[in-house]
Every structure is written in C-alpha cells, then in structure tokens.
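Only one structure is covered here, and it is reproduced in the block below.
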Amino acid sequence: MAFSSTGLVTVCASKSGNAPNMYLYKTADTQATVNTVSYFDSIASLLNVGDIIFVYDSTTPSLVLTYVNAVSSAGVVDIADGTTVSATDTD
C-alpha cells in the first residue's frame, strides 16, 4: 500500500526546533512496507532528521518505534529500521 495522511497525527511538535517532533502513524501496512525508502516522501516537507515516528500496524497489531534517518533535498525520506515494542498479556 501507500502512505495515507489520514493515519498520521502529531504527538508533539518542537516549537524551538531543538528537539525532534513526534508522530503516530496508524496503517494496515507491514513494517517492512513502511520502512521502504520513499514511503513518507509525500510529507517530506514536514519531517526532519531525528523526528520520531511510532508506527502502529493495525493488522498484526504491533507497534514500532523508528525515526527519520534522512530527508534529501529532492524530498526522499528514509527512516531507520526501528524497534518493535512488544507486550505480554498473561491473563
């Protein structure tokens, strides 16, 4: 699938530019799909290197913590592989 702006919300925005912005992105796409270079190109103007993105895969469900690794002058966005946040529900 492709990036859908309806799944993106800003969790916090850095007013001074000294800290990363944080986003939550909900999608039915797998982390492998989301981690593809250029997945977030349509919002390249919003993203900065170091911005944090929590990616919630609503199909699995799973949550991955990642960050913007690069944004080129041509608007190509690359994110880090990320770390899956897992939980155990023993009840």
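As shown in the structure tokens, the chain order sets the letters A, B, ...; within each chain, residues go from 1, and ligands are also counted from 1 in the order they appear.
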
Considering only C-alpha atoms, return as an mmCIF file with N, CA and C atoms, in the first residue's frame whatever protein or nucleic-acid residues lie within 10 Å of range 14-18 of chain A, sequence-local ones (same chain, fewer than 4 positions apart) excluded.
```cif
data_model
loop_
_atom_site.group_PDB
_atom_site.id
_atom_site.type_symbol
_atom_site.label_atom_id
_atom_site.label_comp_id
_atom_site.auth_asym_id
_atom_site.auth_seq_id
_atom_site.Cartn_x
_atom_site.Cartn_y
_atom_site.Cartn_z
ATOM 1 N N MET A 22 7.364 14.453 17.217
ATOM 2 C CA MET A 22 6.935 13.065 17.401
ATOM 3 C C MET A 22 5.603 12.856 16.702
ATOM 4 N N ASN A 48 11.877 16.106 9.669
ATOM 5 C CA ASN A 48 13.278 16.473 9.852
ATOM 6 C C ASN A 48 14.051 15.255 10.320
ATOM 7 N N ASP A 51 13.327 13.180 13.716
ATOM 8 C CA ASP A 51 11.932 13.114 14.150
ATOM 9 C C ASP A 51 11.566 11.664 14.456
#
```

- prompt: Would you give me, as a PyMOL selection string, the residues in chain A that DSSP reads as strand (DSSP E or B)?
  reply: chain A and resi 8-12+22-27+52-57+62-71+77-79+83-85

Output as a tab-separated table one row per residue of range 3-47 of chain A within 6 Å of range 57-79 of chain A: the closest atom pair and its distance in Å to one decimal place, counting only C-alpha atoms, sorted by chain and residue number ascending.
```
residue	atom	partner	partner_atom	distance
A:Thr27	CA	A:Asp57	CA	5.2
A:Ala28	CA	A:Ser58	CA	5.1
A:Val37	CA	A:Asp78	CA	4.9
A:Ser38	CA	A:Val77	CA	5.1
A:Phe40	CA	A:Val77	CA	5.8
A:Asp41	CA	A:Val77	CA	5.3
A:Ala44	CA	A:Gly75	CA	5.4
```

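The gap separating CA of Gly7 in chain A from CA of Ile52 in chain A is 15.2 Å, in Å to one decimal.
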
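Using only C-alpha atoms, the nearest neighbour of Ser4 in chain A within the list A:Leu46, A:Ala80, A:Val34, A:Val85 is A:Val34.
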
8 Å contact set for Met1 in chain A, only C-alpha atoms, chain neighbours under 2 positions out, as a PyMOL selection string: chain A and resi 3+29+33

For the residues in that selection, give me C-alpha atoms as a PDB file, in the first residue's frame.
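Now in again18.pdb:
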```
ATOM      1  CA  PHE A   3       1.301   6.268   2.775  1.00  0.00           C
ATOM      2  CA  ASP A  29       0.862  -1.858   6.082  1.00  0.00           C
ATOM      3  CA  THR A  33       6.484  -1.815   3.703  1.00  0.00           C
TER       4      THR A  33
END
```
